[in-house]
Every structure is written in structure tokens, then in C-alpha cells.
2 protein chains.
Amino acid sequence: MAKGPTVYHVAERAGVSIATVSFTFRQPEKVKASTRELVLAAAEELGYVPSASARGLARGRTGALGLFAYDYLLDPSGGPGQGGPGGPGDLSQDVDAPGDREDGNLRLFPLYVDEVQRGVELECWRRGQALLVGGGNPANNEAVLSDIAGRVDGLAVFPRSVPVEALARIARRIPVVEVSESQRNRGVDHVTVDNASGARAITEHLINVHGLTDLLFIGAMPSSDNDERLEAFRGALTDAGAGLGHEPRYPAGSEPAVAEIVRTICQQGVLPQAFVCATDQDALVVMDVLFEAGVAVPKQVAVTGFDGIAAGRVIRPSLTTVRQPMERMGRTMVELLLDRLDHPDKPPVELRLPVSVVLRESCGCTPA
Amino acid sequence: MAKGPTVYHVAERAGVSIATVSFTFRQPEKVKASTRELVLAAAEELGYVPSASARGLARGRTGALGLFAYDYLLDPSGGPGQGGPGGPGDLSQDVDAPGDREDGNLRLFPLYVDEVQRGVELECWRRGQALLVGGGNPANNEAVLSDIAGRVDGLAVFPRSVPVEALARIARRIPVVEVSESQRNRGVDHVTVDNASGARAITEHLINVHGLTDLLFIGAMPSSDNDERLEAFRGALTDAGAGLGHEPRYPAGSEPAVAEIVRTICQQGVLPQAFVCATDQDALVVMDVLFEAGVAVPKQVAVTGFDGIAAGRVIRPSLTTVRQPMERMGRTMVELLLDRLDHPDKPPVELRLPVSVVLRESCGCTPA
DNA sequence: GAAATGAATCAAAGCGCTTAGATAATTCCT
DNA sequence: AGGAATTATCTAAGCGCTTTGATTCATTTC
């Protein structure tokens, strides 16, 4: 590509100074209409496109926001450096009809994070904000993160995608907002959901509507969200006067570990009345194993999830779950970031968004 | 945010020149190991994050690729400035269980473009490439586009998201790759699929396997892809010695127009044996209307689509279609872009990727 | 031990834009 | 008409980094 035209070329062509060219684009009202036309025409003829690098350097702001989107599907361990592959491989078979796999790469899409990402994108677009979407790369995660940080004015990150120290380092330079994980990274803004209410509501539903009291809580990865859900689960059980027939099996450590636990339970024939899963993904794993073991859901055992991912309404039986407002969460992250840019000194924000219980088939309800 | 540390600060702290600092990050092997440690330590302590703006300006490259992703769901007319909202509103009800709507904003996700976008992202991440995802905004589309163009070294665009002239203007500065629309924008690289083979194969399937000959081709938006599909459809019919019992209803102009046409056909009781739709989205509209009209698919009439979007395997009956390798297409776009950066003078490339027929329920087949 | 060779570091010139502050061109009054 | 008050434009100083060519330092060779 021939090096493109710059302000200098446009200025010369229009017979004005480079300052006027700049003003024409950044503060049109400061330039006399006739001059503006001149400059615009020159720019048009030359095919001038302002360099964002130069602008960013001069202004001290890049004008873009960043999203660090670790790919949980490539590395289902729940985060970088926490374990190897080996995850929802066979699981996706339930969802994707055979032959629908893309290049042999089984994928379960969109996931929770994907929908949040969608929200971030939509909100940025709505505001005409440039958005840099960075990808976690199991290998050189930190390098990528640092690269992105150097390109943006604010950064949105997903839970456990980044080591705390690295995040803290970035947060010293630019605003950072994290979704979930309210406990960690106390210096940065957070967007979370009301895990407690959700978990309590769905547990009480199982108890009150379906008359189930022997419930087992299970989940693969530890996180503050999951901790809160377990806590509320316990609370609901206690309040209902029901004991813990089955001890929670959380954190199981990984999805294969969850599968193994459920498999063992099936073999020993000590099924609970319901599996209350920490996340939808966990629930999918559980249902997968139950299916293999010939255990009928919800007839023999109920299953519930948490998140509201798309796959949950696709599988049979469809998954009763607690839905997070994922798109809204993404949008909110953008709002917080932009707000923080204007008010760097406001104390850290932690927004909790409401959730809603979605009753489907897996708990025994039959939706319309 | 306090203005962050720069090369100058790091250099001073480490007792070297700024050049050495730069070398430490860009060409580590040129710097003596001991010096490197010194610099790295200083950078670490200071929390130094290199400015991408400055680097970009100095190097003449931003180091990022761009994706211009017009949101077809916000504006289902198929492109900016082609019509208002009003589209798959009720349609998504088939897919989303009630209560699953997000903030009243019915969404059908992921769409064709979303999956291609996914491919672009994954490939960029894999290569550690920064990716700027720009959003089309029905209002100031061109401004946004220009802004993005100024931020990246290469741009991937979706069909009909950008007026030809605007695209041409950009393409003079940086490499551009477009997905589909092989006819337009002849100066830029293209990634397309073998529309003809796909359309022919699925048509022949209807004819040979299901013995249907009275087929109606229908689609909302005109595009070179759809043109090719219609062409192949006609060819298959001719070769089979079957006439056109029903004239193609393409381009219908919009999704509501498609719905209207099908509705009329139902009322007049002149149903074809099958609706061969230009896209999956068209097929979903068709099936939606047929359902309302009480026409059984595939019993009374078969329906086929083209694209292979996720929704197609979710609805009942599931949609027989021609699957495009969407993720691969996205990945290919990135490859082309990077390749083009190294070889600016190679003649324009047009890659055609193969497609595959996916037989599901809507044609009368019953997949495993 | 001096010259020659190679390695490591540095000085300095931009990259294309923004934006004070200075200057020039208009407009408004009296 | 002449000067004050505006308005429009320009001059010039960076913004933080990369990179060439020069310089310095360390090592090798005769």
C-alpha cells in the first residue's frame, strides 16, 4: 500500500494549514463553512483517512475500549493455567447434530461469556465506540493482555481470565471492569448478579413445588459466584427445615471430575432427588452422564443449572435454570468503563444485576 | 489516571537510553542479557505498558486488524439504508422459550455473520493479532467505518454492510477482504462458498430422493450469492427435466415480504411441493408462516434453507440446509488479510470454500 | 601492545496528529 | 472611518515510540 495521504497533503491541497485540517475534522464549528468545504473536498479527493495512532499519541487517549475474552471453549478448565483440555467434547454431541461440527472442532456456542461479549459489542457500537477484542491465548496470555492494554482507554475482562497481579498492573494505568468474581480484584469495578437470590429461588422451587428435599449441589470450578450460590443453596435448605442429605460436591475441580462424581453416584445407586448445579455447563455435564447411565431426567432425578446459556433451552430435556441478563451485563460494563474515564476518582463500583428463574423441563415443570 | 510511565522513565530508571528500552521489547536478542534484565526490572517496577499509538505512529502500522460487523439483527433489512426494522420479531419466539428474551429485545443469535465473526476472532487470537471489532450503526455507518480504517492494517467486511464507494476508498489505503458478494468490489479479496454446488445438490436431493418436482425458490434480499443459488436451482430443475411449476419469488425485498407471499400462497391453496429458500433466515420465516397457516412441514410441503445457522437445528422440524463453513471462512479472511499485507501487489484473490448438504427433518428426511 | 573486528549502546530524526497561544482577517460600534 | 471586539487561521511544540547510522566498549589477532 502506498503510504496514504496525511494532514500535510490535505492542507497543501486545500491551501490551508494542517491545524485547520485537524479542526475541520475534530471541531467543525470552529472552521468557516467555506473553508471546511475546501478541506473536505481535498480530503475526499486524496482519500484521506486520519491516523488513529497519531491522534491517540497526540491526545493521550486511543479512543478505544478493550475486551479481553479468554476462550473458554479452547481451554475449558475455566481459565488459563488451571488445567489442560478435555472437557465438553462428547457433550456437544448432544447439542450439535452429527455432521454439524465445524472442521472437527466441536463447539458449544454461544457460551455465557459469548453473550456478555455480545452485550459489550452492541453497546460500543451503539455509542460509536471502537472496541478491541483481544483473545486469550493459553500460551502467552500476559503478553497479549499487555498489548491490548497499550491500545485502549479502558478494559473489560472476564472472570479468571487474568492473574490478579497482571490485572492490578493494568488497572494502575487504565480503568478496568470485571464481570463476576466480586471478591477478587477489589480495586476494579465489577458487574455481578444476585447469585444468592437466584440460587435460593431455584432451590426453594425444587423444595416447595416439586417436594424434593434431598438435593445435591455440584460444580466444577471454584469462584466467588459459585460460592455465593452454594451459600444460598444451604440457606434455603436450612430455612425449609431440610437437612443436607447429600454433601455438596463442590468444587469438583474440572468438568471431567464432575462427570466422574456423577458416574460414581449412579453406579452406587445413591442418587439424590435433584442435582443443583453451580452453572449450566456443569448441568450439561451432569445430564450427559445421567443419560449415559440410563437415569431419566426429570423422572428419576431433577437437574437445575445457573446462567441461562443458549444450549440449555436446546437440549432435551430443556434445562431449568437461573438466567443472568448477559447482554445487559456486557452493556453495563461499557457504561461503567466510560463513566470511570470521566470520574477516575470515584470509589470502585460493584453493580449487582437481578436474575430470573427459568422453569423448563429438567426440574419436572413443563413450560408452555 | 495518572499518565503512565514511558520509555523515558524506564530508561532513566534502568540507566540506559530509550533506544535500549525499545530494543529490549522489540528485539531482545540485540540487547545484552544483563542489560535486558535491568530494563525489564525497571519496567516491571514502574508498571510500564508500551503505547500502541506511539508504536503505530513510528512504525507506520497499527498492528491490528479490523472487522466491520454490521448488526443484521438490529436492522434485518439486510444492510444499512435499505429499510427499517420489522423482521424476525415473532420468529424468534419459535426459538427462544418464553421468558428467555433479554430485556424484551428478541434476538436470534448466533446468525451467519456471527459465526463468521467468531472465526475471525479465533484466528486472530491464535496468532496473537489484535482485532478491532467495529459495529455498523445504521446512522453514521461511514463515519464509523472510516474511524476503524484509521486504526487498522487490514479490514474484513461483511456483505452489503458498506457502500461500494466507501469500501473502494478504504481499499486504496489498506487491504480489504469481503465475505461473499463475489460480484461487487472487484478490487478486493473475497471469501465465498460454492453456492452453485450447494443449491444444485439440495435441489437434486428434493427431486431424486423425495420425488418432488414442483419447487418454489424464494428469498428476501438480492445478493450475488442468492443469484448463484437461484441459477443453480434452475439448472438442477432443467437437467431433471422438471419444469418450473412455480416461478421463483426472488428477490421478495424483505422478510415481511417473504412472509406475505407465503401467506398468500397458503390462502390460495396453491402450495408447491417444496420451498427452496435462498437462506436459512428466509426458511425460518417461511416455516413460521406455514405453521401459522396450519400447513405441516415436511408432510404437506418441504422446506430447505442455506447457510447452516444454529437456529436451523434447534427449531422443529429441524431445517434441512446447505452448510457454509462459517468459522473457516472467518479464519480464511484473516489469513488473506495478513498475506495481502506481505504481498500488496498480488492480484485479487477469490476463494471459494466448499459447502455440505445437511439433511434434517424439514425435507422429509429424519436424521439419526 | 596496537590495530582490527564485532558487539552493545546511544543520539537524533522523524511518524501524523492535536492544541495552546500568536497572529491575521472580519465584523461591529461609535 | 478607526479602533475594539470577534472570529478564523496559523505557528510551533510536543505526544511516546522506532530505527538508522554513529559511537563506544570489549575482544581478538598479529
# chains A, B, ... in the order shown; residues from 1 in each chain; ligands from 1
>>> select_by_dssp(residues="range 124-225 of chain A", states="strand (DSSP E or B)", output="ChimeraX atom specification")
/A:130-135,154-157,176-179,189-193,215-218
>>> residues_around(residues="DT9 in chain C", least_positions_apart="3", cutoff="12 Å", atoms="only C-alpha atoms (C1' of nucleotides)", output="list of chain:residue names")
B:Gly15, B:Val16, B:Ser17, B:Ile18, B:Ala19, B:Thr20, B:Val21, B:Ser22, B:Phe23, B:Thr24, B:Lys30, B:Val31, B:Lys32, B:Thr35, D:DA22, D:DT23, D:DT24, D:DC25
>>> write_last_selection(atoms="N, CA and C atoms (P, O5', C5', C4', C3', O3' and C1' of nucleotides)", output="PDB file, in the first residue's frame")
ATOM      1  N   GLY B  15      18.985   3.251  33.758  1.00  0.00           N
ATOM      2  CA  GLY B  15      20.288   3.815  33.448  1.00  0.00           C
ATOM      3  C   GLY B  15      20.747   3.531  32.030  1.00  0.00           C
ATOM      4  N   VAL B  16      19.800   3.482  31.112  1.00  0.00           N
ATOM      5  CA  VAL B  16      20.149   3.263  29.706  1.00  0.00           C
ATOM      6  C   VAL B  16      19.430   4.295  28.849  1.00  0.00           C
ATOM      7  N   SER B  17      19.621   4.212  27.559  1.00  0.00           N
ATOM      8  CA  SER B  17      18.925   5.139  26.664  1.00  0.00           C
ATOM      9  C   SER B  17      17.563   4.566  26.284  1.00  0.00           C
ATOM     10  N   ILE B  18      16.704   5.429  25.783  1.00  0.00           N
ATOM     11  CA  ILE B  18      15.379   4.945  25.410  1.00  0.00           C
ATOM     12  C   ILE B  18      15.464   3.927  24.283  1.00  0.00           C
ATOM     13  N   ALA B  19      16.481   4.048  23.462  1.00  0.00           N
ATOM     14  CA  ALA B  19      16.631   3.092  22.364  1.00  0.00           C
ATOM     15  C   ALA B  19      16.795   1.687  22.921  1.00  0.00           C
ATOM     16  N   THR B  20      17.587   1.583  23.958  1.00  0.00           N
ATOM     17  CA  THR B  20      17.815   0.268  24.559  1.00  0.00           C
ATOM     18  C   THR B  20      16.525  -0.297  25.150  1.00  0.00           C
ATOM     19  N   VAL B  21      15.745   0.569  25.720  1.00  0.00           N
ATOM     20  CA  VAL B  21      14.464   0.119  26.258  1.00  0.00           C
ATOM     21  C   VAL B  21      13.607  -0.448  25.131  1.00  0.00           C
ATOM     22  N   SER B  22      13.546   0.310  24.070  1.00  0.00           N
ATOM     23  CA  SER B  22      12.750  -0.136  22.926  1.00  0.00           C
ATOM     24  C   SER B  22      13.253  -1.486  22.415  1.00  0.00           C
ATOM     25  N   PHE B  23      14.568  -1.574  22.257  1.00  0.00           N
ATOM     26  CA  PHE B  23      15.143  -2.821  21.765  1.00  0.00           C
ATOM     27  C   PHE B  23      14.813  -3.981  22.693  1.00  0.00           C
ATOM     28  N   THR B  24      14.840  -3.714  23.960  1.00  0.00           N
ATOM     29  CA  THR B  24      14.571  -4.770  24.927  1.00  0.00           C
ATOM     30  C   THR B  24      13.222  -5.433  24.658  1.00  0.00           C
ATOM     31  N   LYS B  30      19.090  -8.384  20.633  1.00  0.00           N
ATOM     32  CA  LYS B  30      20.100  -7.371  20.353  1.00  0.00           C
ATOM     33  C   LYS B  30      20.671  -6.755  21.624  1.00  0.00           C
ATOM     34  N   VAL B  31      20.049  -7.082  22.736  1.00  0.00           N
ATOM     35  CA  VAL B  31      20.459  -6.467  23.996  1.00  0.00           C
ATOM     36  C   VAL B  31      21.154  -7.493  24.883  1.00  0.00           C
ATOM     37  N   LYS B  32      22.235  -7.069  25.501  1.00  0.00           N
ATOM     38  CA  LYS B  32      22.963  -7.974  26.378  1.00  0.00           C
ATOM     39  C   LYS B  32      22.022  -8.435  27.496  1.00  0.00           C
ATOM     40  N   THR B  35      21.722  -6.352  30.653  1.00  0.00           N
ATOM     41  CA  THR B  35      21.023  -5.086  30.427  1.00  0.00           C
ATOM     42  C   THR B  35      19.528  -5.325  30.325  1.00  0.00           C
TER      43      THR B  35
ATOM     44  P    DA D  22      27.011   7.200   9.734  1.00  0.00           P
ATOM     45  O5'  DA D  22      27.302   7.514  11.274  1.00  0.00           O
ATOM     46  C5'  DA D  22      26.625   8.609  11.886  1.00  0.00           C
ATOM     47  C4'  DA D  22      27.034   8.696  13.348  1.00  0.00           C
ATOM     48  C3'  DA D  22      28.536   8.560  13.583  1.00  0.00           C
ATOM     49  O3'  DA D  22      28.917   9.483  14.603  1.00  0.00           O
ATOM     50  C1'  DA D  22      27.387   6.845  14.740  1.00  0.00           C
ATOM     51  P    DT D  23      30.401   9.592  15.110  1.00  0.00           P
ATOM     52  O5'  DT D  23      30.353   8.771  16.459  1.00  0.00           O
ATOM     53  C5'  DT D  23      29.412   9.136  17.468  1.00  0.00           C
ATOM     54  C4'  DT D  23      29.558   8.169  18.623  1.00  0.00           C
ATOM     55  C3'  DT D  23      31.002   7.952  19.093  1.00  0.00           C
ATOM     56  O3'  DT D  23      31.038   8.174  20.488  1.00  0.00           O
ATOM     57  C1'  DT D  23      29.896   5.891  18.787  1.00  0.00           C
ATOM     58  P    DT D  24      32.428   8.351  21.251  1.00  0.00           P
ATOM     59  O5'  DT D  24      32.371   7.090  22.227  1.00  0.00           O
ATOM     60  C5'  DT D  24      31.179   6.823  22.954  1.00  0.00           C
ATOM     61  C4'  DT D  24      31.195   5.377  23.385  1.00  0.00           C
ATOM     62  C3'  DT D  24      32.505   4.941  24.049  1.00  0.00           C
ATOM     63  O3'  DT D  24      32.184   4.411  25.323  1.00  0.00           O
ATOM     64  C1'  DT D  24      31.779   3.356  22.439  1.00  0.00           C
ATOM     65  P    DC D  25      33.297   4.106  26.433  1.00  0.00           P
ATOM     66  O5'  DC D  25      33.251   2.511  26.455  1.00  0.00           O
ATOM     67  C5'  DC D  25      31.982   1.845  26.477  1.00  0.00           C
ATOM     68  C4'  DC D  25      32.196   0.375  26.182  1.00  0.00           C
ATOM     69  C3'  DC D  25      33.456  -0.215  26.812  1.00  0.00           C
ATOM     70  O3'  DC D  25      33.102  -1.362  27.566  1.00  0.00           O
ATOM     71  C1'  DC D  25      33.334  -0.781  24.514  1.00  0.00           C
TER      72       DC D  25
END
>>> interface_residues(of="chain B", to="chain A", cutoff="7 Å", atoms="only C-alpha atoms", output="PyMOL selection string")
chain B and resi 1+4+47+49-54+56-57+62+99+102+125-126+128+130-137+144+146+150-151+169+173-174+314+325+344
>>> interface_residues(of="chain C", to="chain A", cutoff="8 Å", atoms="only C-alpha atoms (C1' of nucleotides)", output="NGL selection string")
:C and (15-18)
>>> interface_residues(of="chain D", to="chain A", cutoff="12 Å", atoms="only C-alpha atoms (C1' of nucleotides)", output="MDAnalysis selection string")
chainID D and resid 7:17
>>> residues_around(residues="Asn226 in chain B", least_positions_apart="3", cutoff="12 Å", atoms="only C-alpha atoms (C1' of nucleotides)", output="PyMOL selection string")
chain B and resi 180-183+192-196+198-199+217-223+229-233+248-252+276-280+282+305-307
>>> atom_distance(atom1="CA of Phe25 in chain A", atom2="CA of Ala156 in chain B")
25.0 Å
>>> select_by_dssp(residues="range 117-280 of chain A", states="alpha helix (DSSP H)", output="PyMOL selection string")
chain A and resi 117-126+141-149+164-171+195-204+224-239+255-268+280
